[in-house]
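Peer 1: Starting off with a structure, shown below.
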Amino acid sequence: MKALTWQGNEDVRIEDVPDPRIEAPNDAIIRVTSTAICGSDLHLYRVLGPYLKPGDVLGHEAMGVVEEVGPEAGDLVVGDRVVVPFNISCGHCWMCRRGLMSQCETTQVRAEGKGAALFGYTSLYGSVPGGQAEYLRVPQAQFGPIKVPEGVTDEQVLYLSDVLPTAWQAVEYADVPAGGTVAVLGLGPVGLMAVSIAVHRGAARVIGLDLVPERLDRARAYGAEAVDVSAVDDVASHLIDLVDGRGPDAVIDAVGMEAHGSKPAAFAQSLVGKLPDAVAQKVTDIAGIDRLDALIAALKGVRRGGTVSVVGVYGGEIDPLPMMEMFDRGITIRMGQANVRRWIDDLVPLVLDGGDPLGVQDLATHRLPLTEAPHAYDLFQKKDDGCIKVVLQP
Ligand SMILES: NC(=O)c1ccc[n+]([C@@H]2O[C@H](COP(=O)([O-])OP(=O)(O)OC[C@H]3O[C@@H](n4cnc5c(N)ncnc54)[C@H](O)[C@@H]3O)[C@@H](O)[C@H]2O)c1
Ligand SMILES: [Zn+2]
Ligand SMILES: [Zn+2]
């Protein structure tokens with residue numbers, strides 16, 4: 001089959017790879033009909049190379065049609081149309097029973113000290129071949145795949161794989177009080193859906209911050225006041241000024257480790273990307289590789305006693321943080337990979353609603369064949385041509 005493979009720093013290619021096969025009794029194979037590129041894939045494209053090897057198949061936002069099932073794949077049958085959550089979770093372990101599917105104890109990658117295995121996301125998360133491909137092997141198929149009805153478009157339901165539950169969890173963790181204000185830093189697909197969900201769930205005021213004009217416009221359309229961070233000296237004090245001299249009740253960091261702003265950290269990241277893998281992994285293990293501008297703006301800009309919900313991905317071991325200020329200001333921080341399955345029952349009625357209350361169908365800016373995935377990565381990374389979200393069709 002054809003699949004998008006990682007080959008090196010900023011080098012991904014379509015290659016012929018062996019078709020996946022059923023390997024465990026609770027596996028299923030799906031024929032992928034749509035698969036998206038995520039901001040998390042950009043971290044693989046540029047920063048997390050030391051944890052990939054040439055030929056690894058990327059992608060963790062896939063949906064399709066079940067082609068084959070193992071004998072223990074639950075009630076999944078050939079022909080079912082399904083969306084596949086990005087984390088692989090069993091549904092019955094101690095963590096899954098408590099709604100912590102991203103910490104699933106059946107699939108945890110213990111050798112690396114990490115949580116649940118993920119599709120297409122490095123040796124740290126199990127080196128599971130990803131879904132930017134014609135076919136995908138889905139482990140734990142008795143629990144993961146979300147059945148979706150015929151008669152809805154792929155784009156109505158595809159983002160149940162990641163963007164929607166991730167944004168929903170970001171808003172849930174932000175714990176915005178009734179009549180409160182939330183700021184969302186980073187208006188990529190995740191930040192935009194967090195804006196839309198915060199508005200839908202009744203936040204009185206939603207402020208979206210980014211530096212890309214098309215993304216700021218889109219946030220306005222979803223109901224936010226938009227702030228261009230490139231026109232602001234100090235984002236944290238700007239947020240405090242904007243909201244009663246106090247700051248928003250909650251700030252969501254939907255930017256993550258590649259935040260725009262810090263030149264020294266950007267330089268360090270690019271150096272680590274060029275080191276041999278073993279050395280680079282050591283550097284990453286003992287030092288910080290993260291660009292912290294967005295996170296620090298969130299921690300310093302939220303009001304005293306407020307909540308910072310971190311949904312952007314970070315990977316440094318000892319990132320320097322303003323501990324005194326965080327302690328003195330009494331900040332609550334919640335973070336982590338989305339527990340995808342946990343939020344699906346909240347989201348399904350909204351995506352199946354013909355009125356599209358979350359504006360899901362306006363998210364994709366580019367629809368391309370899978371064979372054009374290398375071009376799509378370049379477009380999405382550079383944010384060229386108004387690119388916000390790319391959906392690939394195998
Ligand atoms: N926690 C999870 O389960 C989970 C799931 C999916 C994605 N993510 C992470 O969420 C983050 C966003 O994902 P995405 O797909 O929306 O990616 P994206 O790269 O499209 O979005 C990031 C946005 O942040 C903006 N930005 C950069 N620096 C900024 C700054 N200093 N201040 C304000 N905005 C800034 C960029 O212009 C961009 O629009 C990524 O880190 C991704 O890895 C996490
Ligand atoms: Zn994703
Ligand atoms: Zn589990």
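By order in the structure tokens, chains are A, B, ...; within a chain, residues start at 1; ligands start at 1, following the order shown.
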Neighbours of Val148 (chain A) within 10 Å (only C-alpha atoms; same-chain residues fewer than 5 positions away dropped), as number ranges by chain?

Peer 2: A: 63-64, 80-83, 153-154, 157-158, 348, 352

Peer 1: Export C-alpha atoms of the chosen residues as a PDB file, in the first residue's frame?

Peer 2:
ATOM      1  CA  MET A  63     -11.170   7.223   9.620  1.00  0.00           C
ATOM      2  CA  GLY A  64     -12.364   4.604   7.208  1.00  0.00           C
ATOM      3  CA  ASP A  80     -18.519  -0.608   9.612  1.00  0.00           C
ATOM      4  CA  ARG A  81     -17.604   3.017   9.077  1.00  0.00           C
ATOM      5  CA  VAL A  82     -15.344   4.169  11.935  1.00  0.00           C
ATOM      6  CA  VAL A  83     -13.237   7.054  13.248  1.00  0.00           C
ATOM      7  CA  THR A 153     -19.558  13.402   5.376  1.00  0.00           C
ATOM      8  CA  ASP A 154     -16.066  12.356   6.493  1.00  0.00           C
ATOM      9  CA  VAL A 157     -16.840  13.229  12.001  1.00  0.00           C
ATOM     10  CA  LEU A 158     -13.108  12.944  11.195  1.00  0.00           C
ATOM     11  CA  VAL A 348     -21.168  13.002  18.709  1.00  0.00           C
ATOM     12  CA  LEU A 352     -24.201  14.906  13.792  1.00  0.00           C
TER      13      LEU A 352
END

Peer 1: Could the residues that lie within 7 Å of ligand 1, counting only C-alpha atoms and all ligand atoms, be listed as a PDB file with C-alpha atoms, in the first residue's frame?

Peer 2:
ATOM      1  CA  CYS A  38      -1.994  17.705  12.893  1.00  0.00           C
ATOM      2  CA  GLY A  39       0.188  20.291  14.640  1.00  0.00           C
ATOM      3  CA  SER A  40       1.586  17.285  16.523  1.00  0.00           C
ATOM      4  CA  LEU A  42       4.795  19.144  12.717  1.00  0.00           C
ATOM      5  CA  HIS A  43       6.745  18.382  15.918  1.00  0.00           C
ATOM      6  CA  ASP A 162      -8.191  14.132  17.880  1.00  0.00           C
ATOM      7  CA  VAL A 163      -8.945  17.834  17.358  1.00  0.00           C
ATOM      8  CA  THR A 166      -8.549  17.547  22.514  1.00  0.00           C
ATOM      9  CA  LEU A 185      -3.187  31.026  22.873  1.00  0.00           C
ATOM     10  CA  GLY A 186      -2.557  29.503  19.450  1.00  0.00           C
ATOM     11  CA  LEU A 187      -5.311  29.381  16.819  1.00  0.00           C
ATOM     12  CA  GLY A 188      -4.376  26.285  14.883  1.00  0.00           C
ATOM     13  CA  PRO A 189      -7.095  23.649  14.466  1.00  0.00           C
ATOM     14  CA  VAL A 190      -6.970  22.792  18.186  1.00  0.00           C
ATOM     15  CA  GLY A 191      -7.108  26.414  19.392  1.00  0.00           C
ATOM     16  CA  LEU A 209      -4.314  34.977  20.270  1.00  0.00           C
ATOM     17  CA  ASP A 210      -2.048  34.084  17.355  1.00  0.00           C
ATOM     18  CA  LEU A 211       0.115  35.859  14.794  1.00  0.00           C
ATOM     19  CA  VAL A 212      -1.322  34.480  11.552  1.00  0.00           C
ATOM     20  CA  ARG A 215      -6.245  32.230  11.843  1.00  0.00           C
ATOM     21  CA  VAL A 229       0.584  38.702  19.448  1.00  0.00           C
ATOM     22  CA  ALA A 254      -2.799  25.467  22.353  1.00  0.00           C
ATOM     23  CA  VAL A 255       0.652  26.321  21.003  1.00  0.00           C
ATOM     24  CA  GLY A 256       3.133  23.848  22.497  1.00  0.00           C
ATOM     25  CA  MET A 257       6.846  23.338  22.158  1.00  0.00           C
ATOM     26  CA  GLU A 258       7.453  25.272  18.936  1.00  0.00           C
ATOM     27  CA  ALA A 259       6.112  28.627  20.105  1.00  0.00           C
ATOM     28  CA  HIS A 260       7.076  31.594  18.035  1.00  0.00           C
ATOM     29  CA  GLY A 261       9.146  34.107  19.958  1.00  0.00           C
ATOM     30  CA  ASP A 293       6.908  31.726  25.209  1.00  0.00           C
ATOM     31  CA  ALA A 294       3.250  30.741  25.016  1.00  0.00           C
ATOM     32  CA  VAL A 311      -3.022  21.203  25.539  1.00  0.00           C
ATOM     33  CA  GLY A 312      -0.033  22.063  23.333  1.00  0.00           C
ATOM     34  CA  VAL A 313       2.575  19.301  23.467  1.00  0.00           C
ATOM     35  CA  GLY A 336      -1.990  16.180  29.065  1.00  0.00           C
ATOM     36  CA  GLN A 337      -2.848  14.168  26.003  1.00  0.00           C
ATOM     37  CA  ALA A 338      -6.553  14.086  25.322  1.00  0.00           C
ATOM     38  CA  ILE A 388      -5.210  25.806   8.610  1.00  0.00           C
TER      39      ILE A 388
END

Peer 1: Nearest to Asp384 (chain A): which of A:Phe327, A:Val235, A:Asp41, A:Glu214 is it, counting only C-alpha atoms?

Peer 2: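 Nearest to Asp384 (chain A): A:Glu214.
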
Peer 1: What does the distance from CA of Ala198 (chain A) to CA of Leu368 (chain A) come to in Å, to one decimal?

Peer 2: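 Going from CA of Ala198 (chain A) over to CA of Leu368 (chain A) covers 29.9 Å.
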
Peer 1: How would you write, as an MDAnalysis selection string, the set of residues no farther than 7 Å from ligand 3 when counting only C-alpha atoms and all ligand atoms?

Peer 2: chainID A and resid 89:96 101 104:107

Peer 1: Let's have the selection written as an mmCIF file, in the first residue's frame, with N, CA, C and O atoms.

Peer 2:
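Below you can see part_33.cif, which holds the result:
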data_model
loop_
_atom_site.group_PDB
_atom_site.id
_atom_site.type_symbol
_atom_site.label_atom_id
_atom_site.label_comp_id
_atom_site.auth_asym_id
_atom_site.auth_seq_id
_atom_site.Cartn_x
_atom_site.Cartn_y
_atom_site.Cartn_z
ATOM 1 N N SER A 89 -6.325 2.622 23.428
ATOM 2 C CA SER A 89 -6.677 2.323 24.806
ATOM 3 C C SER A 89 -7.630 1.136 24.841
ATOM 4 O O SER A 89 -8.346 0.874 23.871
ATOM 5 N N CYS A 90 -7.619 0.425 25.986
ATOM 6 C CA CYS A 90 -8.317 -0.866 26.046
ATOM 7 C C CYS A 90 -9.757 -0.756 26.513
ATOM 8 O O CYS A 90 -10.567 -1.624 26.250
ATOM 9 N N GLY A 91 -10.056 0.297 27.300
ATOM 10 C CA GLY A 91 -11.425 0.467 27.784
ATOM 11 C C GLY A 91 -11.741 -0.255 29.075
ATOM 12 O O GLY A 91 -12.791 -0.005 29.666
ATOM 13 N N HIS A 92 -10.848 -1.165 29.543
ATOM 14 C CA HIS A 92 -11.223 -1.930 30.742
ATOM 15 C C HIS A 92 -10.196 -1.864 31.863
ATOM 16 O O HIS A 92 -10.417 -2.397 32.937
ATOM 17 N N CYS A 93 -9.040 -1.233 31.645
ATOM 18 C CA CYS A 93 -8.028 -1.209 32.715
ATOM 19 C C CYS A 93 -8.410 -0.158 33.769
ATOM 20 O O CYS A 93 -9.369 0.594 33.608
ATOM 21 N N TRP A 94 -7.609 -0.090 34.831
ATOM 22 C CA TRP A 94 -7.851 0.851 35.937
ATOM 23 C C TRP A 94 -7.963 2.288 35.424
ATOM 24 O O TRP A 94 -8.865 3.027 35.797
ATOM 25 N N MET A 95 -7.048 2.683 34.536
ATOM 26 C CA MET A 95 -7.044 4.059 34.007
ATOM 27 C C MET A 95 -8.248 4.301 33.084
ATOM 28 O O MET A 95 -8.950 5.304 33.212
ATOM 29 N N CYS A 96 -8.464 3.400 32.146
ATOM 30 C CA CYS A 96 -9.569 3.590 31.197
ATOM 31 C C CYS A 96 -10.895 3.679 31.939
ATOM 32 O O CYS A 96 -11.755 4.491 31.587
ATOM 33 N N MET A 101 -7.988 7.545 29.359
ATOM 34 C CA MET A 101 -7.589 6.653 28.272
ATOM 35 C C MET A 101 -6.182 6.946 27.762
ATOM 36 O O MET A 101 -5.545 6.078 27.180
ATOM 37 N N CYS A 104 -3.739 4.560 29.479
ATOM 38 C CA CYS A 104 -4.178 3.150 29.477
ATOM 39 C C CYS A 104 -3.051 2.211 29.933
ATOM 40 O O CYS A 104 -1.955 2.223 29.378
ATOM 41 N N GLU A 105 -3.345 1.398 30.940
ATOM 42 C CA GLU A 105 -2.301 0.515 31.495
ATOM 43 C C GLU A 105 -2.066 -0.723 30.644
ATOM 44 O O GLU A 105 -1.085 -1.427 30.825
ATOM 45 N N THR A 106 -2.959 -0.981 29.695
ATOM 46 C CA THR A 106 -2.740 -2.112 28.786
ATOM 47 C C THR A 106 -1.754 -1.729 27.681
ATOM 48 O O THR A 106 -0.957 -2.548 27.251
ATOM 49 N N THR A 107 -1.794 -0.465 27.249
ATOM 50 C CA THR A 107 -0.940 -0.084 26.105
ATOM 51 C C THR A 107 0.213 0.848 26.495
ATOM 52 O O THR A 107 1.023 1.197 25.640
#

Peer 1: Applying 12 Å and only C-alpha atoms, which residues near Pro374 (chain A) remain after dropping the ones on its own chain fewer than 6 positions away? List them as a VMD selection string.

Peer 2: chain A and resid 3 to 7 10 to 15 37 41 to 42 45 58 132 368 380 to 381 390 392

Peer 1: What does the structure give for the distance between CA of Gly305 (chain A) and CA of Ala178 (chain A), in Å to one decimal?

Peer 2: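 About the pair CA of Gly305 (chain A) and CA of Ala178 (chain A): they are 15.4 Å apart.
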
Peer 1: Restricting the calculation to only C-alpha atoms, which member of A:Tyr377, A:Tyr173, A:Trp168, A:Phe119 is positioned closest to Asp345 (chain A)?

Peer 2: A:Trp168

Peer 1: Fewer than 4 positions away in the same chain doesn't count, so skip those; otherwise give me all residues within 6 Å of Asn26 (chain A), counting only C-alpha atoms, as a ChimeraX atom specification.

Peer 2: /A:70,72-73,140-141

Peer 1: With only C-alpha atoms and all ligand atoms as the basis for distance, which of A:Asp241, A:Lys53, A:Val340, A:Ala194 is at the shortest distance from ligand 2?

Peer 2: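 Residue with the minimum atom-to-atom distance to ligand 2: A:Val340.
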
Peer 1: How many Å separate CA of Leu118 (chain A) from CA of Val360 (chain A)?

Peer 2: 23.6 Å

Peer 1: I'd like to know which of A:Pro320, A:Pro177, A:Gly59, A:Gly49 is closest to ligand 2, using only C-alpha atoms and all ligand atoms.

Peer 2: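 The shortest atom-to-atom distance to ligand 2 comes from A:Gly59.
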
Peer 1: When you count only C-alpha atoms and all ligand atoms, which of these residues is closest to ligand 2: A:Met324, A:Lys389, A:Val195, A:Ser123?

Peer 2: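 The shortest atom-to-atom distance to ligand 2 comes from A:Lys389.
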
Peer 1: Give the alpha helix (DSSP H) residues of region 36-261 of chain A, as DSSP finds them on the backbone, and put them as a VMD selection string.

Peer 2: chain A and resid 39 to 46 94 to 97 154 to 157 163 to 174 189 to 200 213 to 221 235 to 242

Peer 1: Emit the selected residues as a compact mmCIF listing (two decimals), in the first residue's frame, including C-alpha atoms.

Peer 2:
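Resulting contents of part_33.txt:
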# COMPACT_ATOMS: atom_id res chain seq x y z
CA GLY A 39 0.19 20.29 14.64
CA SER A 40 1.59 17.29 16.52
CA ASP A 41 2.87 15.91 13.19
CA LEU A 42 4.80 19.14 12.72
CA HIS A 43 6.74 18.38 15.92
CA LEU A 44 7.78 15.08 14.27
CA TYR A 45 8.62 16.87 11.06
CA ARG A 46 11.09 19.17 12.76
CA TRP A 94 -7.85 0.85 35.94
CA MET A 95 -7.04 4.06 34.01
CA CYS A 96 -9.57 3.59 31.20
CA ARG A 97 -12.34 2.89 33.73
CA ASP A 154 -16.07 12.36 6.49
CA GLU A 155 -15.31 15.94 7.53
CA GLN A 156 -18.30 16.02 9.87
CA VAL A 157 -16.84 13.23 12.00
CA VAL A 163 -8.94 17.83 17.36
CA LEU A 164 -12.45 17.85 18.87
CA PRO A 165 -11.87 15.74 22.00
CA THR A 166 -8.55 17.55 22.51
CA ALA A 167 -10.21 20.97 22.32
CA TRP A 168 -13.12 19.76 24.47
CA GLN A 169 -10.71 18.54 27.16
CA ALA A 170 -8.80 21.83 26.97
CA VAL A 171 -12.01 23.73 27.73
CA GLU A 172 -13.09 21.23 30.40
CA TYR A 173 -9.72 21.50 32.14
CA ALA A 174 -9.82 25.31 31.87
CA PRO A 189 -7.09 23.65 14.47
CA VAL A 190 -6.97 22.79 18.19
CA GLY A 191 -7.11 26.41 19.39
CA LEU A 192 -9.87 27.30 16.93
CA MET A 193 -12.03 24.39 18.05
CA ALA A 194 -11.30 25.35 21.69
CA VAL A 195 -12.62 28.85 20.89
CA SER A 196 -15.72 27.41 19.27
CA ILE A 197 -16.36 24.94 22.12
CA ALA A 198 -15.79 27.61 24.80
CA VAL A 199 -18.35 29.85 23.06
CA HIS A 200 -20.77 26.91 22.69
CA PRO A 213 -3.96 36.80 10.02
CA GLU A 214 -6.16 34.04 8.52
CA ARG A 215 -6.25 32.23 11.84
CA LEU A 216 -7.16 35.41 13.73
CA ASP A 217 -9.99 35.98 11.23
CA ARG A 218 -11.24 32.44 11.69
CA ALA A 219 -11.22 32.87 15.48
CA ARG A 220 -13.37 35.99 15.10
CA ALA A 221 -15.79 34.00 12.97
CA VAL A 235 1.36 39.17 25.95
CA ALA A 236 0.85 38.46 29.67
CA SER A 237 0.43 42.10 30.68
CA HIS A 238 -1.76 42.69 27.62
CA LEU A 239 -4.12 39.94 28.80
CA ILE A 240 -4.21 41.43 32.29
CA ASP A 241 -5.00 44.88 30.87
CA LEU A 242 -7.69 43.47 28.57

Peer 1: Any idea what's packed within 8 Å of Pro129 (chain A), counting only C-alpha atoms, ignoring anything in its chain fewer than 6 positions away? Could you give it as JSON, numbers by chain?

Peer 2: {"A": [56, 57, 58, 119, 120, 136, 137]}

Peer 1: Name the closest residue to ligand 2 among the candidates A:Gly202, A:Gly55, A:Gly115, A:Pro85; distances are taken between atoms, counting only C-alpha atoms and all ligand atoms.

Peer 2: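 Distance minimum relative to ligand 2 lands on A:Pro85.
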